[in-house]
>>> print(open('work-v3.tsv').read())   # TSV, C-alpha atoms
chain	number	residue	atom	x	y	z
E	1	MET	CA	-32.98	-101.39	-77.76
E	2	ARG	CA	-35.24	-103.79	-75.91
E	3	LEU	CA	-33.22	-106.90	-75.13
E	4	VAL	CA	-33.67	-110.37	-73.69
E	5	LEU	CA	-30.49	-111.97	-72.34
E	6	ASP	CA	-30.42	-115.74	-72.32
E	7	THR	CA	-29.38	-117.63	-69.18
E	8	ASN	CA	-25.90	-118.30	-70.53
E	9	GLU	CA	-25.26	-114.55	-70.89
E	10	TYR	CA	-26.08	-113.85	-67.24
E	11	LEU	CA	-24.09	-116.80	-65.91
E	12	PHE	CA	-21.04	-116.09	-68.07
E	13	ALA	CA	-21.29	-112.38	-67.21
E	14	PHE	CA	-21.21	-113.27	-63.53
E	15	GLY	CA	-18.03	-115.29	-64.02
E	16	LEU	CA	-19.22	-118.90	-63.83
E	17	LEU	CA	-17.20	-119.37	-66.99
E	18	LYS	CA	-14.68	-116.83	-68.20
E	19	GLU	CA	-16.25	-115.03	-71.15
E	20	PRO	CA	-14.99	-111.44	-71.35
E	21	ALA	CA	-17.58	-110.34	-73.94
E	22	CYS	CA	-20.44	-111.45	-71.67
E	23	GLU	CA	-18.88	-109.67	-68.70
E	24	GLU	CA	-18.46	-106.50	-70.73
E	25	LEU	CA	-21.98	-106.68	-72.12
E	26	ILE	CA	-23.72	-106.63	-68.74
E	27	ALA	CA	-21.39	-103.85	-67.59
E	28	VAL	CA	-22.27	-101.78	-70.68
E	29	ILE	CA	-26.01	-102.34	-70.18
E	30	VAL	CA	-25.74	-101.22	-66.55
E	31	GLU	CA	-23.55	-98.24	-67.40
E	32	GLN	CA	-25.87	-97.08	-70.19
E	33	SER	CA	-29.08	-97.75	-68.26
E	34	PRO	CA	-31.85	-96.93	-69.11
E	35	ARG	CA	-30.76	-96.58	-72.75
E	36	HIS	CA	-31.42	-100.28	-73.30
E	37	SER	CA	-34.26	-102.07	-71.55
E	38	LEU	CA	-33.91	-105.65	-70.39
E	39	ARG	CA	-36.81	-108.09	-70.14
E	40	ILE	CA	-36.56	-111.42	-68.34
E	41	PRO	CA	-39.04	-114.28	-67.98
E	42	ALA	CA	-39.38	-116.29	-64.78
E	43	LYS	CA	-37.94	-119.28	-66.64
E	44	ILE	CA	-34.59	-117.60	-67.26
E	45	ALA	CA	-34.54	-116.21	-63.70
E	46	GLU	CA	-35.11	-119.75	-62.41
E	47	GLU	CA	-32.34	-121.16	-64.60
E	48	VAL	CA	-29.98	-118.50	-63.24
E	49	ARG	CA	-31.07	-119.33	-59.68
E	50	ARG	CA	-30.22	-123.00	-60.19
E	51	LYS	CA	-26.57	-122.14	-60.82
E	52	LEU	CA	-26.00	-119.44	-58.19
E	53	THR	CA	-25.74	-119.61	-54.43
E	54	GLY	CA	-28.67	-118.15	-52.50
E	55	GLU	CA	-26.62	-115.10	-51.59
E	56	ALA	CA	-25.58	-114.47	-55.19
E	57	PHE	CA	-29.16	-114.91	-56.39
E	58	ARG	CA	-30.36	-112.31	-53.87
E	59	GLU	CA	-27.82	-109.91	-55.34
E	60	PHE	CA	-29.10	-110.78	-58.82
E	61	ILE	CA	-32.64	-109.89	-57.77
E	62	GLY	CA	-31.24	-106.70	-56.25
E	63	LEU	CA	-29.52	-105.93	-59.56
E	64	LEU	CA	-32.78	-106.41	-61.48
E	65	ASN	CA	-34.72	-104.28	-58.99
E	66	THR	CA	-32.17	-101.50	-59.13
E	67	LEU	CA	-32.46	-101.45	-62.91
E	68	SER	CA	-36.29	-101.46	-62.60
E	69	ILE	CA	-36.53	-104.80	-64.36
E	70	THR	CA	-39.48	-106.95	-63.39
E	71	ILE	CA	-39.54	-110.71	-63.89
E	72	ASP	CA	-42.41	-111.67	-66.22
E	73	GLU	CA	-44.49	-114.70	-65.30
E	74	ASP	CA	-44.15	-117.50	-67.83
E	75	PHE	CA	-47.88	-118.18	-68.04
E	76	LEU	CA	-48.45	-114.78	-69.62
E	77	VAL	CA	-46.82	-115.92	-72.87
E	78	PRO	CA	-49.43	-117.30	-75.30
E	79	PHE	CA	-48.96	-121.02	-75.90
E	80	GLU	CA	-49.69	-120.53	-79.59
E	81	LEU	CA	-46.52	-118.50	-79.93
E	82	GLY	CA	-44.51	-121.35	-78.46
E	83	ALA	CA	-46.17	-123.80	-80.81
E	84	LYS	CA	-45.14	-121.63	-83.74
E	85	TYR	CA	-41.48	-121.91	-82.78
E	86	GLU	CA	-41.72	-125.62	-82.05
E	87	SER	CA	-43.00	-126.09	-85.59
E	88	LYS	CA	-39.83	-124.33	-86.76
E	89	GLY	CA	-37.74	-127.01	-85.09
E	90	LEU	CA	-36.91	-125.52	-81.72
E	91	LYS	CA	-37.18	-127.74	-78.66
E	92	PRO	CA	-40.19	-126.85	-76.47
E	93	ALA	CA	-38.18	-124.97	-73.85
E	94	ASP	CA	-36.23	-123.00	-76.47
E	95	ALA	CA	-39.51	-122.39	-78.30
E	96	PHE	CA	-40.87	-120.82	-75.13
E	97	ILE	CA	-37.90	-118.44	-74.94
E	98	ALA	CA	-38.37	-117.46	-78.59
E	99	ALA	CA	-42.09	-116.94	-77.93
E	100	TYR	CA	-41.27	-114.75	-74.95
E	101	VAL	CA	-38.86	-112.61	-76.99
E	102	GLU	CA	-41.55	-112.06	-79.61
E	103	TRP	CA	-44.26	-111.47	-76.99
E	104	VAL	CA	-42.34	-108.68	-75.25
E	105	GLY	CA	-41.49	-107.12	-78.62
E	106	ALA	CA	-37.77	-107.32	-77.99
E	107	ASP	CA	-35.40	-106.20	-80.71
E	108	ALA	CA	-32.95	-108.95	-79.95
E	109	LEU	CA	-32.21	-112.11	-78.02
E	110	ILE	CA	-28.63	-112.22	-76.84
E	111	THR	CA	-27.34	-115.74	-76.43
E	112	GLU	CA	-24.36	-117.99	-77.00
E	113	ASN	CA	-26.73	-120.87	-77.79
E	114	ARG	CA	-26.10	-121.94	-81.38
E	115	HIS	CA	-29.59	-123.48	-81.61
E	116	PHE	CA	-30.92	-119.92	-81.69
E	117	LEU	CA	-28.04	-118.41	-83.61
E	118	SER	CA	-28.38	-120.94	-86.44
E	119	ARG	CA	-32.08	-120.12	-86.84
E	120	GLN	CA	-31.67	-116.36	-87.13
E	121	SER	CA	-33.32	-116.27	-90.56
E	122	GLN	CA	-36.48	-117.95	-89.23
E	123	LEU	CA	-36.97	-115.57	-86.32
E	124	PRO	CA	-38.69	-112.17	-86.27
E	125	PHE	CA	-36.08	-110.72	-83.93
E	126	LYS	CA	-32.32	-110.43	-84.05
E	127	VAL	CA	-30.14	-113.03	-82.37
E	128	PHE	CA	-26.73	-111.82	-81.28
E	129	THR	CA	-23.84	-113.24	-79.33
E	130	ALA	CA	-22.50	-110.98	-76.58
E	131	GLU	CA	-19.56	-110.08	-78.81
E	132	LYS	CA	-21.80	-109.06	-81.69
E	133	SER	CA	-24.20	-107.19	-79.43
E	134	LEU	CA	-21.35	-105.09	-78.05
E	135	ARG	CA	-20.67	-103.86	-81.58
E	136	VAL	CA	-24.38	-103.21	-82.19
E	137	LEU	CA	-24.95	-101.39	-78.89
E	138	ALA	CA	-21.97	-99.15	-79.58
E	139	LEU	CA	-23.65	-97.78	-82.73
B	140	MET	CA	-32.06	-94.04	-64.10
B	141	THR	CA	-30.13	-91.92	-61.64
B	142	LYS	CA	-26.37	-92.13	-61.18
B	143	THR	CA	-27.08	-93.45	-57.69
B	144	ASN	CA	-29.03	-96.38	-59.09
B	145	ILE	CA	-26.33	-97.16	-61.62
B	146	LYS	CA	-23.82	-97.08	-58.79
B	147	GLN	CA	-26.04	-99.43	-56.78
B	148	ALA	CA	-26.46	-101.75	-59.77
B	149	LYS	CA	-22.68	-101.88	-60.18
B	150	LYS	CA	-22.38	-102.82	-56.52
B	151	HIS	CA	-24.81	-105.70	-56.97
B	152	LEU	CA	-22.92	-106.88	-60.05
B	153	ALA	CA	-19.57	-106.67	-58.26
B	154	LYS	CA	-21.00	-108.57	-55.28
B	155	ILE	CA	-22.35	-111.36	-57.50
B	156	ARG	CA	-18.94	-111.70	-59.16
B	157	GLN	CA	-17.21	-111.71	-55.80
B	158	ILE	CA	-19.47	-114.48	-54.48
B	159	VAL	CA	-19.09	-116.50	-57.69
B	160	SER	CA	-15.30	-116.17	-57.55
B	161	GLN	CA	-15.30	-117.65	-54.04
B	162	THR	CA	-17.49	-120.61	-54.97
B	163	ARG	CA	-16.69	-123.63	-57.13
B	164	SER	CA	-18.35	-123.04	-60.49
B	165	PRO	CA	-20.82	-125.68	-61.71
B	166	PHE	CA	-19.04	-125.27	-65.04
B	167	ALA	CA	-15.55	-125.87	-63.67
B	168	GLY	CA	-13.46	-127.82	-66.17
B	169	MET	CA	-16.02	-127.41	-68.92
B	170	SER	CA	-15.58	-125.77	-72.29
B	171	LYS	CA	-18.01	-123.04	-73.33
B	172	GLU	CA	-19.94	-125.50	-75.51
B	173	GLU	CA	-20.13	-128.03	-72.67
B	174	ALA	CA	-21.43	-125.36	-70.29
B	175	ILE	CA	-24.09	-124.31	-72.81
B	176	LYS	CA	-25.08	-127.94	-73.27
B	177	GLU	CA	-25.42	-128.30	-69.50
B	178	MET	CA	-27.61	-125.19	-69.33
B	179	ARG	CA	-29.81	-126.55	-72.11
B	180	LYS	CA	-30.26	-129.75	-70.10
B	181	VAL	CA	-31.44	-127.70	-67.12
B	182	ARG	CA	-33.74	-125.75	-69.42
B	183	GLU	CA	-35.38	-128.90	-70.74
B	184	LYS	CA	-35.61	-130.40	-67.24
B	185	LEU	CA	-37.32	-127.30	-65.89
B	186	TRP	CA	-39.64	-127.26	-68.85
B	187	GLU	CA	-40.68	-130.81	-68.14
B	188	GLU	CA	-41.13	-130.07	-64.44
B	189	LYS	CA	-43.01	-126.79	-64.54
B	190	LEU	CA	-44.37	-125.98	-67.94
B	191	ALA	CA	-45.03	-129.10	-69.98
B	192	ALA	CA	-47.99	-130.14	-67.85
B	193	ARG	CA	-49.64	-126.80	-68.52
B	194	SER	CA	-48.83	-126.75	-72.20
B	195	ARG	CA	-51.80	-126.91	-74.53
B	196	TYR	CA	-49.67	-127.60	-77.56
B	197	LYS	CA	-47.37	-130.33	-76.31
>>> encode(input="work-v3.tsv", output="structure tokens")
Amino acid sequence: MRLVLDTNEYLFAFGLLKEPACEELIAVIVEQSPRHSLRIPAKIAEEVRRKLTGEAFREFIGLLNTLSITIDEDFLVPFELGAKYESKGLKPADAFIAAYVEWVGADALITENRHFLSRQSQLPFKVFTAEKSLRVLAL
Amino acid sequence: MTKTNIKQAKKHLAKIRQIVSQTRSPFAGMSKEEAIKEMRKVREKLWEEKLAARSRYK
């Protein structure tokens, strides 16, 4: 599966808040690499950077590089896609994330953010929590 | 991906967790929902700072 992990998944997986499912998810993705491909926009990378120390963020970049994951520039995502999701009620920044997920053709956005989870029926991609995604990835 | 790269990736992940465990979390004392709310605030702030000015649809 092609996946986009939201900022909260990375930060919880790294232990900034104890969330075992998030920790297990990133471990499974690494262990099964390259079975599942991760995509990440600069926006999410920047949000992760804001909450990590410089040293931890360097390790994060090292992790992405080792998994051959490149950070996509935000400006590549068509604005019209963002507008589409804003019209569906998402805040502009969340609309950008939804637009990015569609633009990269991801199968799923993994997030603990209920603003996405509650709009699952309006989105052309799956939205899973880490716990749910663990069950899906095990199939 | 080679086993070596997976091993290297695991090392990076373990190092991140080690560093995080030795540093006070910005989410210390928060519930999961409070932490998510805080992250959404950062998301909106960054959007305003970096992307809104370039947006053609805002």
>>> residues_around(input="work-v3.tsv", residues="Ala13 in chain E", least_positions_apart="6", cutoff="8 Å", atoms="only C-alpha atoms", output="PyMOL selection string")
chain E and resi 19-26
>>> residues_near_point(input="work-v3.tsv", point="(-35.0, -109.3, -71.0)", cutoff="7 Å", atoms="only C-alpha atoms", output="PyMOL selection string")
chain E and resi 3-5+38-40
>>> residues_near_point(input="work-v3.tsv", point="(-32.1, -96.8, -79.9)", cutoff="8 Å", atoms="all atoms listed in the file", output="list in words")
Met1, Arg35 and His36 of chain E
>>> write_last_selection(input="work-v3.tsv", atoms="C-alpha atoms", output="mmCIF file, in the coordinates of the input")
data_model
loop_
_atom_site.group_PDB
_atom_site.id
_atom_site.type_symbol
_atom_site.label_atom_id
_atom_site.label_comp_id
_atom_site.auth_asym_id
_atom_site.auth_seq_id
_atom_site.Cartn_x
_atom_site.Cartn_y
_atom_site.Cartn_z
ATOM 1 C CA MET E 1 -32.980 -101.390 -77.760
ATOM 2 C CA ARG E 35 -30.760 -96.580 -72.750
ATOM 3 C CA HIS E 36 -31.420 -100.280 -73.300
#
>>> residues_around(input="work-v3.tsv", residues="range 148-160 of chain B", least_positions_apart="4", cutoff="9 Å", atoms="all atoms listed in the file", output="MDAnalysis selection string")
(chainID E and resid 13:16 26:27 30:31 52:53 55:67) or (chainID B and resid 143:144 164)
>>> residues_around(input="work-v3.tsv", residues="range 172-179 of chain B", least_positions_apart="5", cutoff="9 Å", atoms="only C-alpha atoms", output="number ranges by chain")
E: 7-8, 17, 47, 93-94, 112-113; B: 165-167, 184
>>> atom_distance(input="work-v3.tsv", atom1="CA of Ser68 in chain E", atom2="CA of Glu131 in chain E")
24.8 Å
>>> atom_distance(input="work-v3.tsv", atom1="CA of Lys43 in chain E", atom2="CA of Asp6 in chain E")
10.1 Å
>>> atom_distance(input="work-v3.tsv", atom1="CA of Phe116 in chain E", atom2="CA of Phe128 in chain E")
9.1 Å
>>> closest_residue(input="work-v3.tsv", among="E:Leu134, E:Ala98, E:Ile110, E:Val48", to="chain B", atoms="only C-alpha atoms")
E:Val48
>>> closest_residue(input="work-v3.tsv", among="E:Val127, E:Ala99, E:Ile44, E:Leu137", to="chain B", atoms="all atoms listed in the file")
E:Ile44
>>> closest_residue(input="work-v3.tsv", among="E:Glu73, E:Pro92, E:Val28, E:Arg119", to="Leu185 in chain B", atoms="all atoms listed in the file")
E:Pro92
>>> residues_around(input="work-v3.tsv", residues="Gln122 in chain E", least_positions_apart="4", cutoff="10 Å", atoms="all atoms listed in the file", output="PDB file with C-alpha atoms, in the frame of the given file")
ATOM      1  CA  TYR E  85     -41.480-121.910 -82.780  1.00  0.00           C
ATOM      2  CA  LYS E  88     -39.830-124.330 -86.760  1.00  0.00           C
ATOM      3  CA  PHE E 116     -30.920-119.920 -81.690  1.00  0.00           C
ATOM      4  CA  SER E 118     -28.380-120.940 -86.440  1.00  0.00           C
TER       5      SER E 118
END
>>> closest_residue(input="work-v3.tsv", among="B:Trp186, B:Lys180, B:Gly168, B:Lys146", to="chain E", atoms="all atoms listed in the file")
B:Trp186
>>> build_atoms(input="work-v3.tsv", residues="range 171-190 of chain B", atoms="N, CA and C atoms", output="compact mmCIF listing (two decimals), in the frame of the given file")
# COMPACT_ATOMS: atom_id res chain seq x y z
N LYS B 171 -16.81 -123.87 -73.14
CA LYS B 171 -18.01 -123.04 -73.33
C LYS B 171 -19.17 -123.88 -73.89
N GLU B 172 -18.89 -124.68 -74.90
CA GLU B 172 -19.94 -125.50 -75.51
C GLU B 172 -20.52 -126.50 -74.52
N GLU B 173 -19.65 -127.08 -73.68
CA GLU B 173 -20.13 -128.03 -72.67
C GLU B 173 -21.02 -127.33 -71.64
N ALA B 174 -20.63 -126.12 -71.26
CA ALA B 174 -21.43 -125.36 -70.29
C ALA B 174 -22.80 -125.02 -70.88
N ILE B 175 -22.81 -124.64 -72.15
CA ILE B 175 -24.09 -124.31 -72.81
C ILE B 175 -24.97 -125.56 -72.90
N LYS B 176 -24.34 -126.68 -73.19
CA LYS B 176 -25.08 -127.94 -73.27
C LYS B 176 -25.71 -128.27 -71.91
N GLU B 177 -24.93 -128.06 -70.86
CA GLU B 177 -25.42 -128.30 -69.50
C GLU B 177 -26.62 -127.38 -69.18
N MET B 178 -26.51 -126.13 -69.58
CA MET B 178 -27.61 -125.19 -69.33
C MET B 178 -28.86 -125.58 -70.12
N ARG B 179 -28.66 -126.12 -71.32
CA ARG B 179 -29.81 -126.55 -72.11
C ARG B 179 -30.49 -127.75 -71.46
N LYS B 180 -29.69 -128.61 -70.82
CA LYS B 180 -30.26 -129.75 -70.10
C LYS B 180 -31.15 -129.26 -68.98
N VAL B 181 -30.66 -128.27 -68.22
CA VAL B 181 -31.44 -127.70 -67.12
C VAL B 181 -32.71 -127.07 -67.66
N ARG B 182 -32.57 -126.39 -68.80
CA ARG B 182 -33.74 -125.75 -69.42
C ARG B 182 -34.82 -126.78 -69.75
N GLU B 183 -34.41 -127.86 -70.37
CA GLU B 183 -35.38 -128.90 -70.74
C GLU B 183 -35.99 -129.54 -69.50
N LYS B 184 -35.13 -129.77 -68.49
CA LYS B 184 -35.61 -130.40 -67.24
C LYS B 184 -36.67 -129.52 -66.58
N LEU B 185 -36.37 -128.23 -66.50
CA LEU B 185 -37.32 -127.30 -65.89
C LEU B 185 -38.61 -127.22 -66.68
N TRP B 186 -38.45 -127.30 -68.00
CA TRP B 186 -39.64 -127.26 -68.85
C TRP B 186 -40.55 -128.45 -68.54
N GLU B 187 -39.91 -129.61 -68.45
CA GLU B 187 -40.68 -130.81 -68.14
C GLU B 187 -41.35 -130.68 -66.78
N GLU B 188 -40.61 -130.16 -65.81
CA GLU B 188 -41.13 -130.07 -64.44
C GLU B 188 -42.28 -129.07 -64.29
N LYS B 189 -42.10 -127.90 -64.86
CA LYS B 189 -43.01 -126.79 -64.54
C LYS B 189 -43.97 -126.38 -65.64
N LEU B 190 -43.55 -126.54 -66.88
CA LEU B 190 -44.37 -125.98 -67.94
C LEU B 190 -45.08 -126.99 -68.82
